[in-house]
Amino acid sequence: MPVWQALREELHPSGFELVTVGLDSLGAEGCRHFIEAAAPTHPALLDQYHVLARTLGVINIPSSVWIDEQGMIVRPAEAAPAPPVAAAGETTPERQLPADMPQRFIEMTGEAMKISSQGEAYHAALKDWVAKGADSEFALSPEEVIARSRPRSADVALGHAHFELAIALELDGHHESAIEHFREAHQLVPDSWTFRRQAWSLEPGATGPFARFWQGPSEDDPAAWPYEGDWLADVKKIGAENYSEPWRP
Amino acid sequence: MILRDAKSDTAKFEQETGWTFKPEGACKGEVCIPLAQPPGETIDAIEVAEAMGLPVVTHAGGELIAIGPESVGAHALTTAEAPDIRLPDIDGNEFALRSLLGQKILVYAWAPY
């Protein structure tokens, strides 16, 4: 997030504001540490029920939606890569990997590094829009915005209801019932990474600082994993290079 | 949206679903779904949701009710007008996205997992 904050400070005088939204059923408990460490000057919000999925069609993180001065969406939910300089810095994390890192994380890091990022094109487009507004070629018409937003069948809409019910059950302490509805949501909305990652992050596959990033069966009791897929298996299945959809101008 | 009672405040239903009740039906942007009769100040949210074609999933005999979004336009967005999103910050203060009208906004979704 620091790179986004720097960008916000740069563009704020031109009438630009960044609003970060943490999609996590744990709310402040899950996000506080990161938000306080960043000490943002922009609004930093919490979204326990993934309202951004239902209302804007967010299916993965990080994602962005651009909204103009009149409150019209000019770009619907799309992958939001880090600014290019930071992205280059992030491609050499090997030296930072702790010696005792579990094998699963070494593999996950390897896959994550293959995820393609078009940070340069995206951020050039963002600056163009901030400078030119509606005259920017990257500000889409209302018809194009709707057409480019996620497809939503009756099944997908039903999947969103299951997902929200799962979150409510989880918050009420009914974890087993929540799993049932998360599973329904995963089947009905198969293209949502956030629906899966949220559910996976609530399973104790590991302890300590890695717990929420483990996102898969534990080494001690893999049979107890309640979901069909997991982060590593699913990313390998589709190929890390297909994890984010290619950016369209 | 999550409800713990099917009897819902109409204004809350409108704010959460993004649909506004008008004489011609439930409307969002240019799209209206005709309804047999316009709702009063409170509604049976399940009945209205079903009349609008919104999915409803319940748990424990209706103690928890989840109403899903519309699929009438076959896309996540029915209109390009940004929805009236209101979410809290870490101190619990609600923030309305619409309070930023007049600026360009980038809504950035992230997660700590």
# chains A, B, ... in the order shown; residues from 1 in each chain; ligands from 1

call {"tool": "select_by_dssp", "arguments": {"residues": "segment 7-147 of chain A", "states": "strand (DSSP E)", "output": "PyMOL selection string"}}
result
chain A and resi 16-23+44-47+63-67+73-79

call {"tool": "closest_atom_pairs", "arguments": {"of": "chain A", "to": "chain B", "cutoff": "6 Å", "atoms": "only C-alpha atoms", "output": "tab-separated table"}}
result
residue	atom	partner	partner_atom	distance
A:Gly15	CA	B:Gln103	CA	5.1
A:Phe16	CA	B:Lys104	CA	4.7
A:Glu17	CA	B:Ile105	CA	4.9
A:Leu18	CA	B:Leu106	CA	5.0
A:Val19	CA	B:Val107	CA	4.9
A:Thr20	CA	B:Tyr108	CA	4.7
A:Val21	CA	B:Ala109	CA	4.9
A:Gly22	CA	B:Ala111	CA	5.0
A:Leu23	CA	B:Ala111	CA	5.1
A:Ala28	CA	B:Ile90	CA	5.3
A:Ala44	CA	B:Asp89	CA	6.0
A:Leu45	CA	B:Asp89	CA	4.4
A:Leu46	CA	B:Pro88	CA	5.7
A:Gly57	CA	B:Ala76	CA	5.1
A:Ile61	CA	B:Trp110	CA	5.1
A:Pro62	CA	B:Trp110	CA	5.0
A:Ser63	CA	B:Ala109	CA	5.1
A:Ser64	CA	B:Tyr108	CA	4.6
A:Val65	CA	B:Val107	CA	5.2
A:Trp66	CA	B:Leu106	CA	4.7
A:Ile67	CA	B:Ile105	CA	5.1
A:Asp68	CA	B:Lys104	CA	4.6
A:Glu69	CA	B:Gly102	CA	4.1
A:Gly71	CA	B:Ala82	CA	5.6
A:Met72	CA	B:Glu81	CA	4.5
A:Ile73	CA	B:Ala80	CA	5.2
A:Pro142	CA	B:Ala80	CA	5.1
A:Ile146	CA	B:Leu77	CA	5.3
A:Ser149	CA	B:Ala76	CA	5.6
A:Arg150	CA	B:Ala76	CA	5.2
A:Pro151	CA	B:His75	CA	4.3
A:Arg152	CA	B:His75	CA	4.5
A:Ser153	CA	B:Ser71	CA	5.5
A:Ala154	CA	B:Ser71	CA	5.5
A:Ala157	CA	B:Pro69	CA	5.5
A:Leu158	CA	B:Pro55	CA	5.3
A:His160	CA	B:Gly68	CA	5.6
A:Ala161	CA	B:Gly68	CA	4.2
A:Leu165	CA	B:Ala66	CA	5.4
A:Arg212	CA	B:Tyr113	CA	5.4
A:Phe213	CA	B:Tyr113	CA	5.3

call {"tool": "closest_residue", "arguments": {"among": "A:His50, A:Val130, A:Pro226, A:His174", "to": "Ala60 of chain B", "atoms": "only C-alpha atoms"}}
result
A:His174

call {"tool": "select_by_dssp", "arguments": {"residues": "segment 25-236 of chain A", "states": "helix (DSSP H, G or I)", "output": "MDAnalysis selection string"}}
result
chainID A and resid 28:38 51:56 84:89 94:96 103:114 119:135 142:148 154:171 175:188 193:201 208:214 222:224 231:236

call {"tool": "write_last_selection", "arguments": {"atoms": "C-alpha atoms", "output": "tab-separated table (two decimals), in the first residue's frame"}}
result
chain	number	residue	atom	x	y	z
A	28	ALA	CA	-10.84	-4.36	11.84
A	29	GLU	CA	-9.32	-7.43	13.49
A	30	GLY	CA	-7.95	-8.55	10.12
A	31	CYS	CA	-7.09	-5.17	8.60
A	32	ARG	CA	-6.12	-2.89	11.52
A	33	HIS	CA	-2.45	-3.85	11.58
A	34	PHE	CA	-1.94	-3.01	7.91
A	35	ILE	CA	-3.98	0.20	8.00
A	36	GLU	CA	-2.30	1.53	11.14
A	37	ALA	CA	1.14	0.71	9.74
A	38	ALA	CA	0.26	2.67	6.59
A	51	VAL	CA	-20.14	-5.36	-0.68
A	52	LEU	CA	-17.67	-4.50	-3.47
A	53	ALA	CA	-18.22	-7.96	-4.98
A	54	ARG	CA	-21.99	-7.62	-5.02
A	55	THR	CA	-22.22	-3.97	-6.08
A	56	LEU	CA	-19.18	-3.58	-8.34
A	84	PRO	CA	5.92	-0.13	-12.18
A	85	VAL	CA	8.89	0.92	-10.02
A	86	ALA	CA	7.54	-0.91	-7.00
A	87	ALA	CA	6.59	-3.90	-9.14
A	88	ALA	CA	10.21	-4.21	-10.32
A	89	GLY	CA	11.39	-4.15	-6.70
A	94	GLU	CA	14.18	-14.51	-2.68
A	95	ARG	CA	16.75	-12.77	-0.55
A	96	GLN	CA	13.99	-11.82	1.90
A	103	GLN	CA	7.95	-25.56	1.42
A	104	ARG	CA	4.36	-24.53	0.60
A	105	PHE	CA	5.29	-20.85	0.88
A	106	ILE	CA	8.35	-21.24	-1.26
A	107	GLU	CA	6.09	-22.76	-3.94
A	108	MET	CA	3.41	-20.11	-3.46
A	109	THR	CA	6.01	-17.35	-3.81
A	110	GLY	CA	7.29	-18.96	-6.99
A	111	GLU	CA	3.78	-19.04	-8.47
A	112	ALA	CA	3.00	-15.49	-7.30
A	113	MET	CA	6.10	-14.23	-9.14
A	114	LYS	CA	4.72	-15.66	-12.39
A	119	GLY	CA	1.62	-1.95	-14.15
A	120	GLU	CA	3.20	0.35	-16.69
A	121	ALA	CA	0.20	0.49	-19.05
A	122	TYR	CA	-2.30	0.69	-16.20
A	123	HIS	CA	-0.55	3.57	-14.42
A	124	ALA	CA	0.06	5.53	-17.61
A	125	ALA	CA	-3.69	5.24	-18.25
A	126	LEU	CA	-4.50	6.36	-14.70
A	127	LYS	CA	-2.36	9.49	-15.00
A	128	ASP	CA	-3.86	10.22	-18.40
A	129	TRP	CA	-7.38	10.05	-16.92
A	130	VAL	CA	-6.50	12.22	-13.94
A	131	ALA	CA	-5.06	14.84	-16.33
A	132	LYS	CA	-7.70	14.74	-19.07
A	133	GLY	CA	-10.86	13.44	-17.41
A	134	ALA	CA	-13.64	12.54	-19.86
A	135	ASP	CA	-11.30	13.33	-22.78
A	142	PRO	CA	-21.46	4.15	-19.53
A	143	GLU	CA	-22.47	1.43	-22.02
A	144	GLU	CA	-18.91	0.10	-22.21
A	145	VAL	CA	-18.57	0.21	-18.40
A	146	ILE	CA	-21.68	-1.96	-18.00
A	147	ALA	CA	-20.65	-4.31	-20.81
A	148	ARG	CA	-17.16	-4.78	-19.31
A	154	ALA	CA	-29.01	-15.98	-11.96
A	155	ASP	CA	-26.61	-18.63	-10.58
A	156	VAL	CA	-23.88	-16.06	-9.96
A	157	ALA	CA	-26.39	-13.79	-8.17
A	158	LEU	CA	-27.46	-16.75	-6.03
A	159	GLY	CA	-23.81	-17.46	-5.26
A	160	HIS	CA	-23.45	-13.92	-3.88
A	161	ALA	CA	-26.39	-14.55	-1.52
A	162	HIS	CA	-24.73	-17.78	-0.31
A	163	PHE	CA	-21.45	-15.94	0.22
A	164	GLU	CA	-23.03	-13.19	2.31
A	165	LEU	CA	-24.93	-15.77	4.34
A	166	ALA	CA	-21.65	-17.64	4.93
A	167	ILE	CA	-20.04	-14.46	6.27
A	168	ALA	CA	-23.01	-13.79	8.58
A	169	LEU	CA	-22.84	-17.37	9.87
A	170	GLU	CA	-19.08	-17.11	10.39
A	171	LEU	CA	-19.53	-13.88	12.36
A	175	HIS	CA	-18.22	-22.01	11.27
A	176	GLU	CA	-19.42	-25.40	9.97
A	177	SER	CA	-22.60	-23.88	8.51
A	178	ALA	CA	-20.53	-21.09	7.01
A	179	ILE	CA	-18.37	-23.65	5.18
A	180	GLU	CA	-21.50	-25.15	3.53
A	181	HIS	CA	-22.51	-21.78	2.11
A	182	PHE	CA	-18.94	-20.83	1.13
A	183	ARG	CA	-18.83	-24.09	-0.83
A	184	GLU	CA	-22.10	-23.21	-2.60
A	185	ALA	CA	-20.73	-19.75	-3.41
A	186	HIS	CA	-17.52	-21.24	-4.83
A	187	GLN	CA	-19.50	-23.54	-7.13
A	188	LEU	CA	-21.88	-20.83	-8.30
A	193	TRP	CA	-10.80	-15.56	-6.28
A	194	THR	CA	-11.87	-13.41	-3.32
A	195	PHE	CA	-14.78	-15.74	-2.47
A	196	ARG	CA	-12.29	-18.61	-2.30
A	197	ARG	CA	-9.40	-16.78	-0.67
A	198	GLN	CA	-11.70	-15.38	2.02
A	199	ALA	CA	-13.00	-18.85	2.94
A	200	TRP	CA	-9.55	-20.44	2.76
A	201	SER	CA	-8.08	-17.72	4.99
A	208	GLY	CA	1.73	-18.06	13.44
A	209	PRO	CA	2.23	-15.20	11.01
A	210	PHE	CA	1.67	-17.48	7.99
A	211	ALA	CA	-1.75	-18.71	9.13
A	212	ARG	CA	-3.99	-16.63	6.84
A	213	PHE	CA	-1.71	-16.95	3.82
A	214	TRP	CA	-1.48	-20.73	4.05
A	222	PRO	CA	-4.64	-32.61	4.95
A	223	ALA	CA	-7.88	-34.67	4.90
A	224	ALA	CA	-9.56	-32.12	7.17
A	231	TRP	CA	-4.58	-21.37	-3.53
A	232	LEU	CA	-1.57	-23.31	-4.74
A	233	ALA	CA	-3.56	-26.08	-6.45
A	234	ASP	CA	-5.96	-23.63	-8.15
A	235	VAL	CA	-3.22	-21.29	-9.37
A	236	LYS	CA	-1.24	-24.22	-10.78

call {"tool": "closest_residue", "arguments": {"among": "A:Gly216, A:Thr207, A:Ile59, A:Glu228", "to": "Asp191 of chain A", "atoms": "only C-alpha atoms"}}
result
A:Ile59

call {"tool": "residues_around", "arguments": {"residues": "Ala45 of chain B", "least_positions_apart": "6", "cutoff": "9 Å", "atoms": "only C-alpha atoms", "output": "JSON list (two decimals) with N, CA and C atoms, in the first residue's frame"}}
result
[["chain", "number", "residue", "atom", "x", "y", "z"],
["B", 3, "LEU", "N", -30.38, -9.92, 6.52],
["B", 3, "LEU", "CA", -31.46, -9.48, 7.41],
["B", 3, "LEU", "C", -31.68, -10.55, 8.47],
["B", 5, "ASP", "N", -34.69, -10.40, 10.08],
["B", 5, "ASP", "CA", -36.15, -10.40, 10.13],
["B", 5, "ASP", "C", -36.62, -9.98, 8.74],
["B", 6, "ALA", "N", -37.58, -10.73, 8.18],
["B", 6, "ALA", "CA", -38.04, -10.41, 6.83],
["B", 6, "ALA", "C", -38.71, -9.04, 6.77],
["B", 7, "LYS", "N", -39.29, -8.60, 7.90],
["B", 7, "LYS", "CA", -39.91, -7.27, 7.92],
["B", 7, "LYS", "C", -38.78, -6.24, 7.90],
["B", 8, "SER", "N", -38.70, -5.51, 6.81],
["B", 8, "SER", "CA", -37.57, -4.61, 6.64],
["B", 8, "SER", "C", -38.04, -3.18, 6.41],
["B", 9, "ASP", "N", -37.23, -2.27, 6.87],
["B", 9, "ASP", "CA", -37.44, -0.87, 6.60],
["B", 9, "ASP", "C", -37.22, -0.65, 5.09],
["B", 10, "THR", "N", -38.18, -0.03, 4.43],
["B", 10, "THR", "CA", -38.10, 0.11, 2.97],
["B", 10, "THR", "C", -36.87, 0.92, 2.56],
["B", 13, "PHE", "N", -33.78, -1.22, 2.68],
["B", 13, "PHE", "CA", -33.79, -2.15, 1.55],
["B", 13, "PHE", "C", -33.31, -1.43, 0.28],
["B", 67, "ILE", "N", -30.13, -11.74, 0.88],
["B", 67, "ILE", "CA", -30.73, -11.37, -0.41],
["B", 67, "ILE", "C", -29.61, -11.00, -1.36]]

call {"tool": "atom_distance", "arguments": {"atom1": "atom CA of Tyr227 of chain A", "atom2": "atom CA of Pro81 of chain A"}}
result
28.3 Å

call {"tool": "residues_around", "arguments": {"residues": "Ala36 of chain B", "least_positions_apart": "6", "cutoff": "12 Å", "atoms": "only C-alpha atoms", "output": "PyMOL selection string"}}
result
chain B and resi 21-26+47-48+51-52
